[in-house]
Amino acid sequence: MMSTSGLLERRAVVRALLAVRGDLLVISGLGAPSWDITAAGDCAQNMPLWGGMGGAAMMGLGLALAQPARKVLVITGDGEMLMGLGGLATIAVQQSPNLAVVVLDNEHYGETGGQETATRHGVDLAAMARGAGIADARVVRDEAGVLALRDAIHAAAAPLFAVVKIDSANLQLVLPPREGAYLQARFREAVLGPAAHHQS
C-alpha cells in the first residue's frame, strides 16, 4: 500500500476502503478520486463527479440527510476540498451520523498540471474540520490507519473526516461512464429501487 516515496499509494487506499463496502454509497470528487473508485470496481452505488469542483462533500451531506439509513462516503482530493471548506461548517452543524468524508491529499492539483495546493504549505484540513465541530477528524499516514478508517466509516455514529496523505504520482486513467444522465439514473435506482425511474 506504500509507494516508493514512503507515502500511501492512492489506488491501494481506495481499494482497501471499498473492499468491504456492503451497501455503502460513494460520491467521488472530480478527477483522480473518480478514477480511483472506478478502478476499485465501477458499480451503481458510485456517483463519480465529472465537474462541480468544490461540491463533493456537500453532495454527500445532502445524500446522507436524505438517506439516513445508508452509510455515505465522500472520497475527494485536497484541491477539491479546499474549494469547499465552507461545507465543513454545515456538515458539523448537521451532525449527520452516516456521513464520512475522506480527502486523498497529495498536496497537488493533479488535474491541472501538478501545482502545489495549500496543504503542501502547512494548511491542516483535519484541524479545520475539528475547528468546525467534526470531532472525529484524523490524518492517516499508514496502512494500519487506512484499515482503521475503513472500520470507522461503517461503525461511526457521528460525522467522520479523514485526510489520507498519499503519493502524488499520476496513475493510469480508469474512467467511469461519461454520461451524467446515465450516472444519475443508475445511482438513483441503486438508492431508491427499480421503481425510481418511473417517478417524476
# chains A, B, ... in the order shown; residues from 1 in each chain; ligands from 1

call {"tool": "residues_around", "arguments": {"residues": "Arg186 of chain A", "least_positions_apart": "6", "cutoff": "10 Å", "atoms": "only C-alpha atoms", "output": "compact mmCIF listing (two decimals) with N, CA and C atoms, in the first residue's frame"}}
result
# COMPACT_ATOMS: atom_id res chain seq x y z
N CYS A 43 -19.69 0.56 -10.13
CA CYS A 43 -20.99 -0.02 -9.76
C CYS A 43 -22.01 1.09 -9.59
N ALA A 44 -23.27 0.70 -9.50
CA ALA A 44 -24.37 1.67 -9.43
C ALA A 44 -24.35 2.48 -8.15
N GLN A 45 -23.71 1.99 -7.10
CA GLN A 45 -23.64 2.71 -5.83
C GLN A 45 -22.57 3.79 -5.83
N ASN A 46 -21.88 3.97 -6.95
CA ASN A 46 -20.87 5.03 -7.10
C ASN A 46 -21.47 6.20 -7.86
N MET A 47 -21.19 7.42 -7.40
CA MET A 47 -21.56 8.62 -8.14
C MET A 47 -20.31 9.46 -8.35
N LEU A 192 -32.96 4.29 -4.54
CA LEU A 192 -34.41 4.28 -4.32
C LEU A 192 -35.11 3.02 -4.80
N GLY A 193 -34.40 2.19 -5.57
CA GLY A 193 -35.02 0.96 -6.07
C GLY A 193 -35.44 1.07 -7.52
N PRO A 194 -35.78 -0.08 -8.12
CA PRO A 194 -36.09 -0.12 -9.56
C PRO A 194 -37.25 0.77 -9.99
N ALA A 196 -37.76 3.73 -9.17
CA ALA A 196 -37.40 5.15 -9.09
C ALA A 196 -37.50 5.84 -10.44
N HIS A 197 -37.13 5.13 -11.52
CA HIS A 197 -37.12 5.80 -12.83
C HIS A 197 -38.53 6.05 -13.36

call {"tool": "residues_around", "arguments": {"residues": "Ala100 of chain A", "least_positions_apart": "3", "cutoff": "12 Å", "atoms": "only C-alpha atoms", "output": "mmCIF file with all heavy atoms, in the first residue's frame"}}
result
data_model
loop_
_atom_site.group_PDB
_atom_site.id
_atom_site.type_symbol
_atom_site.label_atom_id
_atom_site.label_comp_id
_atom_site.auth_asym_id
_atom_site.auth_seq_id
_atom_site.Cartn_x
_atom_site.Cartn_y
_atom_site.Cartn_z
ATOM 1 N N LEU A 17 -10.409 0.842 1.216
ATOM 2 C CA LEU A 17 -11.599 1.449 1.819
ATOM 3 C C LEU A 17 -12.880 0.845 1.275
ATOM 4 O O LEU A 17 -13.887 0.781 1.991
ATOM 5 C CB LEU A 17 -11.597 2.957 1.579
ATOM 6 C CG LEU A 17 -10.518 3.767 2.297
ATOM 7 C CD1 LEU A 17 -10.633 5.242 1.932
ATOM 8 C CD2 LEU A 17 -10.611 3.593 3.816
ATOM 9 N N LEU A 24 -22.725 0.599 0.966
ATOM 10 C CA LEU A 24 -22.164 1.941 1.067
ATOM 11 C C LEU A 24 -22.369 2.719 -0.229
ATOM 12 O O LEU A 24 -22.091 2.220 -1.320
ATOM 13 C CB LEU A 24 -20.672 1.830 1.373
ATOM 14 C CG LEU A 24 -19.874 3.117 1.603
ATOM 15 C CD1 LEU A 24 -20.286 3.771 2.912
ATOM 16 C CD2 LEU A 24 -18.373 2.784 1.622
ATOM 17 N N LEU A 25 -22.852 3.951 -0.101
ATOM 18 C CA LEU A 25 -22.994 4.856 -1.236
ATOM 19 C C LEU A 25 -21.749 5.744 -1.293
ATOM 20 O O LEU A 25 -21.325 6.279 -0.272
ATOM 21 C CB LEU A 25 -24.247 5.713 -1.088
ATOM 22 C CG LEU A 25 -25.570 4.945 -1.002
ATOM 23 C CD1 LEU A 25 -26.717 5.894 -0.669
ATOM 24 C CD2 LEU A 25 -25.846 4.198 -2.312
ATOM 25 N N VAL A 26 -21.175 5.909 -2.490
ATOM 26 C CA VAL A 26 -19.912 6.627 -2.633
ATOM 27 C C VAL A 26 -20.057 7.763 -3.644
ATOM 28 O O VAL A 26 -20.503 7.543 -4.776
ATOM 29 C CB VAL A 26 -18.777 5.682 -3.078
ATOM 30 C CG1 VAL A 26 -17.479 6.460 -3.274
ATOM 31 C CG2 VAL A 26 -18.577 4.579 -2.053
ATOM 32 N N ILE A 27 -19.705 8.965 -3.220
ATOM 33 C CA ILE A 27 -19.593 10.110 -4.111
ATOM 34 C C ILE A 27 -18.121 10.477 -4.186
ATOM 35 O O ILE A 27 -17.451 10.599 -3.157
ATOM 36 C CB ILE A 27 -20.420 11.300 -3.593
ATOM 37 C CG1 ILE A 27 -21.921 10.974 -3.686
ATOM 38 C CG2 ILE A 27 -20.092 12.570 -4.372
ATOM 39 C CD1 ILE A 27 -22.823 12.062 -3.160
ATOM 40 N N SER A 28 -17.626 10.658 -5.403
ATOM 41 C CA SER A 28 -16.204 10.997 -5.554
ATOM 42 C C SER A 28 -16.053 12.354 -6.210
ATOM 43 O O SER A 28 -16.787 12.705 -7.136
ATOM 44 C CB SER A 28 -15.487 9.935 -6.390
ATOM 45 O OG SER A 28 -16.079 9.823 -7.673
ATOM 46 N N ALA A 56 -18.304 18.135 -3.635
ATOM 47 C CA ALA A 56 -18.467 16.716 -3.305
ATOM 48 C C ALA A 56 -18.953 16.500 -1.870
ATOM 49 O O ALA A 56 -19.878 15.716 -1.628
ATOM 50 C CB ALA A 56 -17.158 15.967 -3.539
ATOM 51 N N ALA A 57 -18.335 17.179 -0.913
ATOM 52 C CA ALA A 57 -18.720 16.967 0.491
ATOM 53 C C ALA A 57 -20.166 17.387 0.741
ATOM 54 O O ALA A 57 -20.897 16.714 1.475
ATOM 55 C CB ALA A 57 -17.768 17.726 1.413
ATOM 56 N N MET A 58 -20.591 18.482 0.125
ATOM 57 C CA MET A 58 -21.962 18.934 0.326
ATOM 58 C C MET A 58 -22.965 18.026 -0.369
ATOM 59 O O MET A 58 -24.071 17.812 0.129
ATOM 60 C CB MET A 58 -22.118 20.382 -0.150
ATOM 61 C CG MET A 58 -21.372 21.372 0.726
ATOM 62 S SD MET A 58 -21.712 21.177 2.493
ATOM 63 C CE MET A 58 -23.420 21.670 2.548
ATOM 64 N N MET A 59 -22.602 17.466 -1.516
ATOM 65 C CA MET A 59 -23.467 16.471 -2.146
ATOM 66 C C MET A 59 -23.602 15.250 -1.244
ATOM 67 O O MET A 59 -24.685 14.689 -1.098
ATOM 68 C CB MET A 59 -22.918 16.060 -3.510
ATOM 69 C CG MET A 59 -23.128 17.100 -4.584
ATOM 70 S SD MET A 59 -22.658 16.502 -6.221
ATOM 71 C CE MET A 59 -23.871 15.213 -6.477
ATOM 72 N N GLY A 60 -22.499 14.871 -0.623
ATOM 73 C CA GLY A 60 -22.537 13.746 0.305
ATOM 74 C C GLY A 60 -23.431 14.030 1.498
ATOM 75 O O GLY A 60 -24.186 13.160 1.938
ATOM 76 N N LEU A 61 -23.351 15.248 2.021
ATOM 77 C CA LEU A 61 -24.218 15.603 3.149
ATOM 78 C C LEU A 61 -25.676 15.543 2.742
ATOM 79 O O LEU A 61 -26.510 15.003 3.478
ATOM 80 C CB LEU A 61 -23.871 17.007 3.661
ATOM 81 C CG LEU A 61 -24.802 17.542 4.756
ATOM 82 C CD1 LEU A 61 -24.754 16.659 6.003
ATOM 83 C CD2 LEU A 61 -24.460 18.979 5.092
ATOM 84 N N LEU A 63 -27.067 13.755 0.461
ATOM 85 C CA LEU A 63 -27.435 12.347 0.314
ATOM 86 C C LEU A 63 -27.596 11.677 1.676
ATOM 87 O O LEU A 63 -28.553 10.923 1.908
ATOM 88 C CB LEU A 63 -26.375 11.629 -0.528
ATOM 89 C CG LEU A 63 -26.605 10.149 -0.786
ATOM 90 C CD1 LEU A 63 -27.890 9.914 -1.570
ATOM 91 C CD2 LEU A 63 -25.399 9.569 -1.548
ATOM 92 N N ALA A 64 -26.663 11.958 2.593
ATOM 93 C CA ALA A 64 -26.729 11.361 3.931
ATOM 94 C C ALA A 64 -27.989 11.794 4.678
ATOM 95 O O ALA A 64 -28.621 10.994 5.374
ATOM 96 C CB ALA A 64 -25.486 11.729 4.732
ATOM 97 N N ARG A 70 -28.600 4.767 5.254
ATOM 98 C CA ARG A 70 -27.469 4.315 4.442
ATOM 99 C C ARG A 70 -26.200 5.050 4.847
ATOM 100 O O ARG A 70 -26.228 6.243 5.160
ATOM 101 C CB ARG A 70 -27.733 4.598 2.950
ATOM 102 C CG ARG A 70 -28.964 3.944 2.370
ATOM 103 C CD ARG A 70 -28.799 2.459 2.131
ATOM 104 N NE ARG A 70 -27.836 2.124 1.096
ATOM 105 C CZ ARG A 70 -28.146 2.003 -0.199
ATOM 106 N NH1 ARG A 70 -29.369 2.240 -0.622
ATOM 107 N NH2 ARG A 70 -27.222 1.644 -1.076
ATOM 108 N N LYS A 71 -25.087 4.352 4.816
ATOM 109 C CA LYS A 71 -23.794 4.990 5.021
ATOM 110 C C LYS A 71 -23.353 5.658 3.722
ATOM 111 O O LYS A 71 -23.492 5.074 2.641
ATOM 112 C CB LYS A 71 -22.738 3.969 5.461
ATOM 113 C CG LYS A 71 -22.938 3.417 6.865
ATOM 114 C CD LYS A 71 -22.599 4.465 7.908
ATOM 115 C CE LYS A 71 -22.607 3.879 9.313
ATOM 116 N NZ LYS A 71 -22.288 4.885 10.340
ATOM 117 N N VAL A 72 -22.839 6.879 3.836
ATOM 118 C CA VAL A 72 -22.405 7.649 2.679
ATOM 119 C C VAL A 72 -20.933 8.008 2.854
ATOM 120 O O VAL A 72 -20.540 8.551 3.892
ATOM 121 C CB VAL A 72 -23.245 8.934 2.521
ATOM 122 C CG1 VAL A 72 -22.707 9.784 1.367
ATOM 123 C CG2 VAL A 72 -24.719 8.592 2.307
ATOM 124 N N LEU A 73 -20.136 7.706 1.836
ATOM 125 C CA LEU A 73 -18.714 8.027 1.845
ATOM 126 C C LEU A 73 -18.411 8.971 0.694
ATOM 127 O O LEU A 73 -18.731 8.677 -0.461
ATOM 128 C CB LEU A 73 -17.881 6.750 1.701
ATOM 129 C CG LEU A 73 -16.369 6.932 1.496
ATOM 130 C CD1 LEU A 73 -15.725 7.642 2.670
ATOM 131 C CD2 LEU A 73 -15.710 5.579 1.231
ATOM 132 N N VAL A 74 -17.799 10.100 1.015
ATOM 133 C CA VAL A 74 -17.273 11.019 0.012
ATOM 134 C C VAL A 74 -15.768 10.803 -0.060
ATOM 135 O O VAL A 74 -15.080 10.846 0.961
ATOM 136 C CB VAL A 74 -17.579 12.487 0.369
ATOM 137 C CG1 VAL A 74 -16.897 13.432 -0.626
ATOM 138 C CG2 VAL A 74 -19.078 12.735 0.422
ATOM 139 N N ILE A 75 -15.270 10.546 -1.269
ATOM 140 C CA ILE A 75 -13.829 10.441 -1.491
ATOM 141 C C ILE A 75 -13.458 11.565 -2.439
ATOM 142 O O ILE A 75 -13.964 11.626 -3.567
ATOM 143 C CB ILE A 75 -13.426 9.074 -2.074
ATOM 144 C CG1 ILE A 75 -13.805 7.944 -1.114
ATOM 145 C CG2 ILE A 75 -11.931 9.039 -2.371
ATOM 146 C CD1 ILE A 75 -13.476 6.551 -1.633
ATOM 147 N N THR A 76 -12.600 12.457 -1.989
ATOM 148 C CA THR A 76 -12.253 13.605 -2.816
ATOM 149 C C THR A 76 -10.787 13.957 -2.623
ATOM 150 O O THR A 76 -10.067 13.290 -1.877
ATOM 151 C CB THR A 76 -13.202 14.794 -2.495
ATOM 152 O OG1 THR A 76 -13.032 15.787 -3.506
ATOM 153 C CG2 THR A 76 -12.949 15.372 -1.122
ATOM 154 N N LEU A 88 -17.575 22.252 5.550
ATOM 155 C CA LEU A 88 -17.239 21.619 6.826
ATOM 156 C C LEU A 88 -18.108 22.165 7.955
ATOM 157 O O LEU A 88 -18.519 21.423 8.848
ATOM 158 C CB LEU A 88 -15.759 21.833 7.152
ATOM 159 C CG LEU A 88 -14.756 21.166 6.206
ATOM 160 C CD1 LEU A 88 -13.336 21.533 6.605
ATOM 161 C CD2 LEU A 88 -14.951 19.657 6.197
ATOM 162 N N ILE A 91 -21.601 20.578 7.573
ATOM 163 C CA ILE A 91 -21.547 19.173 7.996
ATOM 164 C C ILE A 91 -21.498 19.075 9.516
ATOM 165 O O ILE A 91 -22.192 18.258 10.130
ATOM 166 C CB ILE A 91 -20.334 18.472 7.351
ATOM 167 C CG1 ILE A 91 -20.563 18.321 5.847
ATOM 168 C CG2 ILE A 91 -20.056 17.124 8.005
ATOM 169 C CD1 ILE A 91 -19.328 17.911 5.072
ATOM 170 N N ALA A 92 -20.701 19.918 10.137
ATOM 171 C CA ALA A 92 -20.579 19.893 11.596
ATOM 172 C C ALA A 92 -21.892 20.265 12.274
ATOM 173 O O ALA A 92 -22.285 19.652 13.268
ATOM 174 C CB ALA A 92 -19.468 20.842 12.039
ATOM 175 N N GLN A 95 -24.433 17.334 11.804
ATOM 176 C CA GLN A 95 -24.066 16.134 12.571
ATOM 177 C C GLN A 95 -24.734 14.866 12.030
ATOM 178 O O GLN A 95 -25.259 14.038 12.785
ATOM 179 C CB GLN A 95 -24.391 16.320 14.055
ATOM 180 C CG GLN A 95 -23.429 17.232 14.801
ATOM 181 C CD GLN A 95 -22.025 16.660 14.889
ATOM 182 O OE1 GLN A 95 -21.812 15.521 15.326
ATOM 183 N NE2 GLN A 95 -21.048 17.451 14.461
ATOM 184 N N SER A 96 -24.719 14.712 10.725
ATOM 185 C CA SER A 96 -25.285 13.511 10.110
ATOM 186 C C SER A 96 -24.406 12.311 10.454
ATOM 187 O O SER A 96 -23.249 12.252 10.044
ATOM 188 C CB SER A 96 -25.367 13.707 8.597
ATOM 189 O OG SER A 96 -26.025 12.633 7.994
ATOM 190 N N PRO A 97 -24.933 11.338 11.203
ATOM 191 C CA PRO A 97 -24.077 10.268 11.718
ATOM 192 C C PRO A 97 -23.633 9.265 10.661
ATOM 193 O O PRO A 97 -22.742 8.460 10.921
ATOM 194 C CB PRO A 97 -24.971 9.585 12.763
ATOM 195 C CG PRO A 97 -26.360 9.833 12.283
ATOM 196 C CD PRO A 97 -26.331 11.195 11.644
ATOM 197 N N VAL A 103 -10.388 12.686 2.358
ATOM 198 C CA VAL A 103 -9.643 13.535 1.434
ATOM 199 C C VAL A 103 -8.320 12.842 1.107
ATOM 200 O O VAL A 103 -7.504 12.591 1.999
ATOM 201 C CB VAL A 103 -9.366 14.923 2.050
ATOM 202 C CG1 VAL A 103 -8.543 15.778 1.083
ATOM 203 C CG2 VAL A 103 -10.675 15.623 2.404
ATOM 204 N N ALA A 129 -11.487 20.884 10.073
ATOM 205 C CA ALA A 129 -12.709 20.120 10.330
ATOM 206 C C ALA A 129 -13.013 20.057 11.827
ATOM 207 O O ALA A 129 -14.161 20.224 12.248
ATOM 208 C CB ALA A 129 -12.578 18.717 9.740
ATOM 209 N N ILE A 134 -16.371 18.916 13.801
ATOM 210 C CA ILE A 134 -16.372 17.483 13.480
ATOM 211 C C ILE A 134 -15.357 16.818 14.410
ATOM 212 O O ILE A 134 -14.145 16.965 14.238
ATOM 213 C CB ILE A 134 -16.024 17.247 12.000
ATOM 214 C CG1 ILE A 134 -17.030 17.976 11.102
ATOM 215 C CG2 ILE A 134 -15.995 15.750 11.688
ATOM 216 C CD1 ILE A 134 -16.665 17.965 9.627
ATOM 217 N N ASP A 136 -14.420 13.682 15.105
ATOM 218 C CA ASP A 136 -13.507 12.670 14.574
ATOM 219 C C ASP A 136 -12.951 13.173 13.257
ATOM 220 O O ASP A 136 -13.521 12.960 12.190
ATOM 221 C CB ASP A 136 -14.232 11.334 14.381
ATOM 222 C CG ASP A 136 -13.268 10.200 14.012
ATOM 223 O OD1 ASP A 136 -12.100 10.483 13.691
ATOM 224 O OD2 ASP A 136 -13.696 9.027 14.033
ATOM 225 N N ALA A 137 -11.855 13.891 13.337
ATOM 226 C CA ALA A 137 -11.153 14.404 12.159
ATOM 227 C C ALA A 137 -9.708 13.963 12.290
ATOM 228 O O ALA A 137 -8.990 14.436 13.171
ATOM 229 C CB ALA A 137 -11.271 15.918 12.068
ATOM 230 N N ARG A 138 -9.285 13.062 11.442
ATOM 231 C CA ARG A 138 -7.989 12.393 11.615
ATOM 232 C C ARG A 138 -7.103 12.542 10.377
ATOM 233 O O ARG A 138 -7.596 12.809 9.283
ATOM 234 C CB ARG A 138 -8.213 10.908 11.921
ATOM 235 C CG ARG A 138 -9.007 10.200 10.846
ATOM 236 C CD ARG A 138 -9.254 8.721 11.154
ATOM 237 N NE ARG A 138 -10.348 8.514 12.100
ATOM 238 C CZ ARG A 138 -10.720 7.319 12.550
ATOM 239 N NH1 ARG A 138 -10.088 6.227 12.144
ATOM 240 N NH2 ARG A 138 -11.716 7.207 13.396
ATOM 241 N N LEU A 149 -9.578 3.302 9.481
ATOM 242 C CA LEU A 149 -10.523 4.241 8.880
ATOM 243 C C LEU A 149 -11.675 3.487 8.231
ATOM 244 O O LEU A 149 -12.845 3.880 8.368
ATOM 245 C CB LEU A 149 -9.795 5.115 7.856
ATOM 246 C CG LEU A 149 -10.656 6.062 7.024
ATOM 247 C CD1 LEU A 149 -11.430 7.037 7.901
ATOM 248 C CD2 LEU A 149 -9.782 6.816 6.019
ATOM 249 N N ARG A 150 -11.366 2.427 7.511
ATOM 250 C CA ARG A 150 -12.435 1.631 6.884
ATOM 251 C C ARG A 150 -13.426 1.131 7.935
ATOM 252 O O ARG A 150 -14.644 1.237 7.750
ATOM 253 C CB ARG A 150 -11.836 0.441 6.122
ATOM 254 C CG ARG A 150 -12.904 -0.416 5.441
ATOM 255 C CD ARG A 150 -12.290 -1.541 4.646
ATOM 256 N NE ARG A 150 -11.643 -2.530 5.492
ATOM 257 C CZ ARG A 150 -10.775 -3.440 5.059
ATOM 258 N NH1 ARG A 150 -10.425 -3.460 3.784
ATOM 259 N NH2 ARG A 150 -10.230 -4.301 5.891
ATOM 260 N N ASP A 151 -12.923 0.624 9.022
ATOM 261 C CA ASP A 151 -13.819 0.148 10.089
ATOM 262 C C ASP A 151 -14.643 1.301 10.652
ATOM 263 O O ASP A 151 -15.848 1.152 10.923
ATOM 264 C CB ASP A 151 -13.007 -0.505 11.208
ATOM 265 C CG ASP A 151 -12.355 -1.816 10.777
ATOM 266 O OD1 ASP A 151 -12.789 -2.390 9.745
ATOM 267 O OD2 ASP A 151 -11.412 -2.257 11.457
ATOM 268 N N ALA A 152 -14.012 2.444 10.825
ATOM 269 C CA ALA A 152 -14.699 3.594 11.418
ATOM 270 C C ALA A 152 -15.813 4.109 10.512
ATOM 271 O O ALA A 152 -16.864 4.555 10.994
ATOM 272 C CB ALA A 152 -13.696 4.706 11.711
ATOM 273 N N ILE A 153 -15.599 4.058 9.202
ATOM 274 C CA ILE A 153 -16.626 4.514 8.257
ATOM 275 C C ILE A 153 -17.924 3.748 8.477
ATOM 276 O O ILE A 153 -19.021 4.319 8.449
ATOM 277 C CB ILE A 153 -16.125 4.357 6.808
ATOM 278 C CG1 ILE A 153 -15.038 5.403 6.509
ATOM 279 C CG2 ILE A 153 -17.277 4.457 5.803
ATOM 280 C CD1 ILE A 153 -14.245 5.118 5.247
ATOM 281 N N HIS A 154 -17.812 2.461 8.716
ATOM 282 C CA HIS A 154 -19.007 1.620 8.869
ATOM 283 C C HIS A 154 -19.573 1.663 10.288
ATOM 284 O O HIS A 154 -20.763 1.398 10.478
ATOM 285 C CB HIS A 154 -18.686 0.177 8.471
ATOM 286 C CG HIS A 154 -18.392 0.029 7.011
ATOM 287 N ND1 HIS A 154 -19.378 -0.029 6.042
ATOM 288 C CD2 HIS A 154 -17.215 -0.032 6.334
ATOM 289 C CE1 HIS A 154 -18.836 -0.136 4.847
ATOM 290 N NE2 HIS A 154 -17.515 -0.151 4.996
ATOM 291 N N ALA A 155 -18.752 2.017 11.253
ATOM 292 C CA ALA A 155 -19.190 1.980 12.653
ATOM 293 C C ALA A 155 -19.564 3.340 13.210
ATOM 294 O O ALA A 155 -20.163 3.435 14.284
ATOM 295 C CB ALA A 155 -18.086 1.369 13.522
ATOM 296 N N ALA A 156 -19.220 4.404 12.507
ATOM 297 C CA ALA A 156 -19.351 5.752 13.065
ATOM 298 C C ALA A 156 -20.793 6.095 13.430
ATOM 299 O O ALA A 156 -21.733 5.712 12.740
ATOM 300 C CB ALA A 156 -18.819 6.776 12.067
ATOM 301 N N ALA A 157 -20.937 6.848 14.524
ATOM 302 C CA ALA A 157 -22.242 7.347 14.961
ATOM 303 C C ALA A 157 -22.275 8.871 14.925
ATOM 304 O O ALA A 157 -23.138 9.500 15.520
ATOM 305 C CB ALA A 157 -22.541 6.845 16.372
ATOM 306 N N ALA A 158 -21.296 9.450 14.225
ATOM 307 C CA ALA A 158 -21.193 10.898 14.059
ATOM 308 C C ALA A 158 -20.396 11.136 12.783
ATOM 309 O O ALA A 158 -19.745 10.221 12.277
ATOM 310 C CB ALA A 158 -20.492 11.531 15.262
ATOM 311 N N PRO A 159 -20.441 12.340 12.235
ATOM 312 C CA PRO A 159 -19.670 12.595 11.017
ATOM 313 C C PRO A 159 -18.187 12.300 11.223
ATOM 314 O O PRO A 159 -17.643 12.532 12.304
ATOM 315 C CB PRO A 159 -19.890 14.090 10.750
ATOM 316 C CG PRO A 159 -21.085 14.465 11.526
ATOM 317 C CD PRO A 159 -21.154 13.543 12.692
ATOM 318 N N LEU A 160 -17.559 11.800 10.178
ATOM 319 C CA LEU A 160 -16.146 11.442 10.226
ATOM 320 C C LEU A 160 -15.441 12.168 9.081
ATOM 321 O O LEU A 160 -15.961 12.228 7.968
ATOM 322 C CB LEU A 160 -15.999 9.928 10.077
ATOM 323 C CG LEU A 160 -14.618 9.292 10.191
ATOM 324 C CD1 LEU A 160 -14.764 7.830 10.587
ATOM 325 C CD2 LEU A 160 -13.829 9.385 8.903
ATOM 326 N N PHE A 161 -14.273 12.702 9.370
ATOM 327 C CA PHE A 161 -13.473 13.394 8.360
ATOM 328 C C PHE A 161 -12.051 12.865 8.453
ATOM 329 O O PHE A 161 -11.482 12.801 9.546
ATOM 330 C CB PHE A 161 -13.490 14.906 8.603
ATOM 331 C CG PHE A 161 -12.762 15.709 7.571
ATOM 332 C CD1 PHE A 161 -13.407 16.169 6.436
ATOM 333 C CD2 PHE A 161 -11.411 16.019 7.737
ATOM 334 C CE1 PHE A 161 -12.736 16.916 5.477
ATOM 335 C CE2 PHE A 161 -10.725 16.767 6.783
ATOM 336 C CZ PHE A 161 -11.390 17.218 5.651
ATOM 337 N N ALA A 162 -11.478 12.485 7.317
ATOM 338 C CA ALA A 162 -10.119 11.953 7.331
ATOM 339 C C ALA A 162 -9.322 12.503 6.166
ATOM 340 O O ALA A 162 -9.819 12.585 5.042
ATOM 341 C CB ALA A 162 -10.137 10.427 7.263
ATOM 342 N N VAL A 163 -8.092 12.882 6.452
ATOM 343 C CA VAL A 163 -7.122 13.262 5.429
ATOM 344 C C VAL A 163 -6.141 12.108 5.315
ATOM 345 O O VAL A 163 -5.494 11.738 6.301
ATOM 346 C CB VAL A 163 -6.386 14.559 5.809
ATOM 347 C CG1 VAL A 163 -5.285 14.862 4.800
ATOM 348 C CG2 VAL A 163 -7.362 15.722 5.915
#

call {"tool": "select_by_dssp", "arguments": {"residues": "segment 16-105 of chain A", "states": "alpha helix (DSSP H)", "output": "NGL selection string"}}
result
:A and (16-18 or 32-39 or 56-66 or 78-83 or 86-94)

call {"tool": "closest_residue", "arguments": {"among": "A:Glu107, A:His121, A:Val146, A:Val93", "to": "Val14 of chain A", "atoms": "only C-alpha atoms"}}
result
A:Val146

call {"tool": "residues_around", "arguments": {"residues": "Glu179 of chain A", "least_positions_apart": "4", "cutoff": "10 Å", "atoms": "only C-alpha atoms", "output": "list in words"}}
result
Trp50, Leu183 and Gln184 of chain A

call {"tool": "closest_residue", "arguments": {"among": "A:Leu147, A:Leu49, A:Leu7, A:Asn106", "to": "Ala19 of chain A", "atoms": "only C-alpha atoms"}}
result
A:Leu147

call {"tool": "residues_around", "arguments": {"residues": "Asp105 of chain A", "least_positions_apart": "3", "cutoff": "6 Å", "atoms": "only C-alpha atoms", "output": "number ranges by chain"}}
result
A: 77-78, 164-166

call {"tool": "residues_around", "arguments": {"residues": "Glu116 of chain A", "least_positions_apart": "3", "cutoff": "12 Å", "atoms": "only C-alpha atoms", "output": "PyMOL selection string"}}
result
chain A and resi 78-79+105-113+119-123+168

call {"tool": "write_last_selection", "arguments": {"atoms": "C-alpha atoms", "output": "PDB file, in the first residue's frame"}}
result
ATOM      1  CA  ASP A  78      -7.235  18.173  -1.310  1.00  0.00           C
ATOM      2  CA  GLY A  79      -7.705  20.748  -4.063  1.00  0.00           C
ATOM      3  CA  ASP A 105      -4.188  14.564  -0.022  1.00  0.00           C
ATOM      4  CA  ASN A 106      -1.269  14.525  -2.450  1.00  0.00           C
ATOM      5  CA  GLU A 107      -0.642  18.259  -1.868  1.00  0.00           C
ATOM      6  CA  HIS A 108      -1.037  18.967  -5.592  1.00  0.00           C
ATOM      7  CA  TYR A 109      -3.687  19.857  -8.165  1.00  0.00           C
ATOM      8  CA  GLY A 110      -3.410  16.660 -10.159  1.00  0.00           C
ATOM      9  CA  GLU A 111      -5.790  17.595 -12.965  1.00  0.00           C
ATOM     10  CA  THR A 112      -4.312  20.965 -13.900  1.00  0.00           C
ATOM     11  CA  GLY A 113      -0.581  20.390 -14.044  1.00  0.00           C
ATOM     12  CA  THR A 119      -1.758  21.613   2.153  1.00  0.00           C
ATOM     13  CA  ARG A 120       1.774  21.485   0.746  1.00  0.00           C
ATOM     14  CA  HIS A 121       2.458  24.627   2.758  1.00  0.00           C
ATOM     15  CA  GLY A 122       1.103  23.508   6.110  1.00  0.00           C
ATOM     16  CA  VAL A 123      -2.660  24.010   5.814  1.00  0.00           C
ATOM     17  CA  SER A 168       1.489  12.447  -5.900  1.00  0.00           C
TER      18      SER A 168
END

call {"tool": "select_by_dssp", "arguments": {"residues": "segment 72-134 of chain A", "states": "strand (DSSP E)", "output": "PyMOL selection string"}}
result
chain A and resi 72-77+99-105+108-109+115-116

call {"tool": "write_last_selection", "arguments": {"atoms": "C-alpha atoms", "output": "PDB file, in the first residue's frame"}}
result
ATOM      1  CA  VAL A  72     -22.405   7.649   2.679  1.00  0.00           C
ATOM      2  CA  LEU A  73     -18.714   8.027   1.845  1.00  0.00           C
ATOM      3  CA  VAL A  74     -17.273  11.019   0.012  1.00  0.00           C
ATOM      4  CA  ILE A  75     -13.829  10.441  -1.491  1.00  0.00           C
ATOM      5  CA  THR A  76     -12.253  13.605  -2.816  1.00  0.00           C
ATOM      6  CA  GLY A  77      -8.956  15.402  -3.234  1.00  0.00           C
ATOM      7  CA  LEU A  99     -21.505  10.626   6.572  1.00  0.00           C
ATOM      8  CA  ALA A 100     -17.769  10.141   6.137  1.00  0.00           C
ATOM      9  CA  VAL A 101     -15.526  12.426   4.081  1.00  0.00           C
ATOM     10  CA  VAL A 102     -12.102  11.126   3.041  1.00  0.00           C
ATOM     11  CA  VAL A 103      -9.643  13.535   1.434  1.00  0.00           C
ATOM     12  CA  LEU A 104      -6.869  11.961  -0.639  1.00  0.00           C
ATOM     13  CA  ASP A 105      -4.188  14.564  -0.022  1.00  0.00           C
ATOM     14  CA  HIS A 108      -1.037  18.967  -5.592  1.00  0.00           C
ATOM     15  CA  TYR A 109      -3.687  19.857  -8.165  1.00  0.00           C
ATOM     16  CA  GLN A 115       0.630  22.840  -8.948  1.00  0.00           C
ATOM     17  CA  GLU A 116       1.102  22.730  -5.172  1.00  0.00           C
TER      18      GLU A 116
END
